[in-house]
Amino acid sequence: SLTQASRAVIVRPEWQVLVISLDHAAYAALQTLERGDSLGLALEAALACDAQFDVGSELAAWFRSGLFSSYLL
């Protein structure tokens, strides 16, 4: 329905367009990262939206999709 809010991110692994639907918690985490905040703060934002947010699965999906091109330790 066009009256309901939706969230997504578009990635282009190997030049193929992929649209990934995001729930509110995942969107909050990515929005926090986009502002330049740490992964810890991003995960706190996600968990504040949804205490059942599956951090491991979500991070794995983001890396698999090519959403992150690199990371710093």
# chains A, B, ... in the order shown; residues from 1 in each chain; ligands from 1
$ residues_around --residues "segment 46-58 of chain A" --least-positions-apart "3" --cutoff "7 Å" --atoms "only C-alpha atoms" --output "PyMOL selection string"
chain A and resi 24-26+28-29+42-43+61-62
$ select_by_dssp --residues "chain A" --states "strand (DSSP E or B)" --output "PyMOL selection string"
chain A and resi 7-11+18-22
$ closest_residue --among "A:Leu41, A:Leu30, A:Val17, A:Ile10" --to "Leu59 of chain A" --atoms "only C-alpha atoms"
A:Leu30
$ atom_distance --atom1 "atom CA of Glu14 of chain A" --atom2 "atom CA of Phe63 of chain A"
13.5 Å
$ select_by_dssp --residues "chain A" --states "alpha helix (DSSP H)" --output "ChimeraX atom specification"
/A:24-34,39-49,55-65
$ residues_around --residues "Arg7 of chain A" --least-positions-apart "6" --cutoff "10 Å" --atoms "only C-alpha atoms" --output "PyMOL selection string"
chain A and resi 20-24+26-27
$ closest_residue --among "A:Ser38, A:Ser65, A:Gln31, A:Thr3" --to "Gln16 of chain A" --atoms "only C-alpha atoms"
A:Ser65
$ atom_distance --atom1 "atom CA of Leu33 of chain A" --atom2 "atom CA of Ala5 of chain A"
21.0 Å
$ atom_distance --atom1 "atom CA of Val19 of chain A" --atom2 "atom CA of Gly36 of chain A"
22.6 Å
$ decode --residues "segment 28-59 of chain A" --atoms "N, CA, C and O atoms" --output "tab-separated table (two decimals), in the first residue's frame"
chain	number	residue	atom	x	y	z
A	28	ALA	N	17.17	2.13	11.51
A	28	ALA	CA	17.74	2.98	12.57
A	28	ALA	C	19.24	2.75	12.69
A	28	ALA	O	20.02	3.71	12.84
A	29	ALA	N	19.67	1.50	12.60
A	29	ALA	CA	21.10	1.19	12.69
A	29	ALA	C	21.86	1.81	11.53
A	29	ALA	O	22.89	2.47	11.72
A	30	LEU	N	21.37	1.62	10.32
A	30	LEU	CA	22.06	2.15	9.14
A	30	LEU	C	22.05	3.68	9.12
A	30	LEU	O	23.03	4.30	8.70
A	31	GLN	N	20.98	4.26	9.58
A	31	GLN	CA	20.90	5.72	9.65
A	31	GLN	C	21.95	6.25	10.64
A	31	GLN	O	22.60	7.27	10.38
A	32	THR	N	22.15	5.56	11.74
A	32	THR	CA	23.15	5.95	12.72
A	32	THR	C	24.55	5.84	12.13
A	32	THR	O	25.39	6.74	12.31
A	33	LEU	N	24.82	4.75	11.41
A	33	LEU	CA	26.12	4.59	10.76
A	33	LEU	C	26.35	5.67	9.71
A	33	LEU	O	27.46	6.19	9.57
A	34	GLU	N	25.32	6.01	8.97
A	34	GLU	CA	25.43	7.02	7.91
A	34	GLU	C	25.82	8.38	8.48
A	34	GLU	O	26.53	9.16	7.85
A	35	ARG	N	25.41	8.64	9.71
A	35	ARG	CA	25.78	9.90	10.39
A	35	ARG	C	27.23	9.89	10.83
A	35	ARG	O	27.75	10.91	11.29
A	36	GLY	N	27.90	8.73	10.73
A	36	GLY	CA	29.29	8.64	11.13
A	36	GLY	C	29.50	8.12	12.54
A	36	GLY	O	30.62	8.11	13.04
A	37	ASP	N	28.42	7.67	13.17
A	37	ASP	CA	28.54	7.12	14.52
A	37	ASP	C	29.10	5.69	14.47
A	37	ASP	O	29.16	5.08	13.41
A	38	SER	N	29.46	5.18	15.61
A	38	SER	CA	30.09	3.86	15.70
A	38	SER	C	29.07	2.73	15.50
A	38	SER	O	27.86	2.93	15.63
A	39	LEU	N	29.60	1.55	15.23
A	39	LEU	CA	28.74	0.37	15.11
A	39	LEU	C	28.03	0.10	16.43
A	39	LEU	O	26.85	-0.27	16.43
A	40	GLY	N	28.70	0.32	17.54
A	40	GLY	CA	28.07	0.12	18.84
A	40	GLY	C	26.84	0.99	19.01
A	40	GLY	O	25.79	0.52	19.45
A	41	LEU	N	26.95	2.27	18.65
A	41	LEU	CA	25.80	3.17	18.75
A	41	LEU	C	24.70	2.77	17.77
A	41	LEU	O	23.51	2.86	18.08
A	42	ALA	N	25.11	2.29	16.59
A	42	ALA	CA	24.12	1.86	15.60
A	42	ALA	C	23.33	0.66	16.11
A	42	ALA	O	22.10	0.60	15.96
A	43	LEU	N	24.02	-0.27	16.73
A	43	LEU	CA	23.32	-1.44	17.26
A	43	LEU	C	22.45	-1.08	18.45
A	43	LEU	O	21.36	-1.64	18.62
A	44	GLU	N	22.88	-0.13	19.25
A	44	GLU	CA	22.03	0.36	20.35
A	44	GLU	C	20.75	0.96	19.79
A	44	GLU	O	19.66	0.75	20.34
A	45	ALA	N	20.87	1.73	18.70
A	45	ALA	CA	19.68	2.33	18.08
A	45	ALA	C	18.73	1.26	17.58
A	45	ALA	O	17.52	1.37	17.74
A	46	ALA	N	19.29	0.22	16.96
A	46	ALA	CA	18.45	-0.87	16.46
A	46	ALA	C	17.75	-1.59	17.60
A	46	ALA	O	16.54	-1.86	17.53
A	47	LEU	N	18.50	-1.90	18.65
A	47	LEU	CA	17.92	-2.62	19.78
A	47	LEU	C	16.90	-1.77	20.54
A	47	LEU	O	15.97	-2.31	21.14
A	48	ALA	N	17.05	-0.46	20.49
A	48	ALA	CA	16.05	0.43	21.11
A	48	ALA	C	14.73	0.35	20.35
A	48	ALA	O	13.66	0.49	20.94
A	49	CYS	N	14.80	0.10	19.05
A	49	CYS	CA	13.59	-0.05	18.23
A	49	CYS	C	12.97	-1.43	18.38
A	49	CYS	O	11.76	-1.58	18.32
A	50	ASP	N	13.84	-2.44	18.51
A	50	ASP	CA	13.38	-3.83	18.56
A	50	ASP	C	14.36	-4.64	19.40
A	50	ASP	O	15.47	-4.93	18.95
A	51	ALA	N	13.95	-4.99	20.60
A	51	ALA	CA	14.83	-5.73	21.51
A	51	ALA	C	15.19	-7.11	20.96
A	51	ALA	O	16.15	-7.72	21.40
A	52	GLN	N	14.44	-7.59	19.99
A	52	GLN	CA	14.71	-8.90	19.37
A	52	GLN	C	15.55	-8.79	18.10
A	52	GLN	O	15.72	-9.77	17.38
A	53	PHE	N	16.07	-7.61	17.81
A	53	PHE	CA	16.89	-7.39	16.61
A	53	PHE	C	18.03	-8.40	16.59
A	53	PHE	O	18.80	-8.49	17.53
A	54	ASP	N	18.15	-9.16	15.51
A	54	ASP	CA	19.17	-10.20	15.39
A	54	ASP	C	20.44	-9.59	14.78
A	54	ASP	O	20.60	-9.55	13.57
A	55	VAL	N	21.31	-9.14	15.64
A	55	VAL	CA	22.52	-8.43	15.23
A	55	VAL	C	23.36	-9.28	14.28
A	55	VAL	O	23.75	-8.82	13.20
A	56	GLY	N	23.63	-10.52	14.64
A	56	GLY	CA	24.48	-11.38	13.83
A	56	GLY	C	23.93	-11.62	12.44
A	56	GLY	O	24.66	-11.48	11.45
A	57	SER	N	22.68	-11.95	12.36
A	57	SER	CA	22.06	-12.21	11.05
A	57	SER	C	22.04	-10.95	10.19
A	57	SER	O	22.29	-11.01	8.99
A	58	GLU	N	21.71	-9.84	10.80
A	58	GLU	CA	21.62	-8.59	10.04
A	58	GLU	C	22.99	-8.17	9.52
A	58	GLU	O	23.14	-7.81	8.35
A	59	LEU	N	24.01	-8.22	10.37
A	59	LEU	CA	25.36	-7.87	9.93
A	59	LEU	C	25.84	-8.79	8.81
A	59	LEU	O	26.42	-8.34	7.83
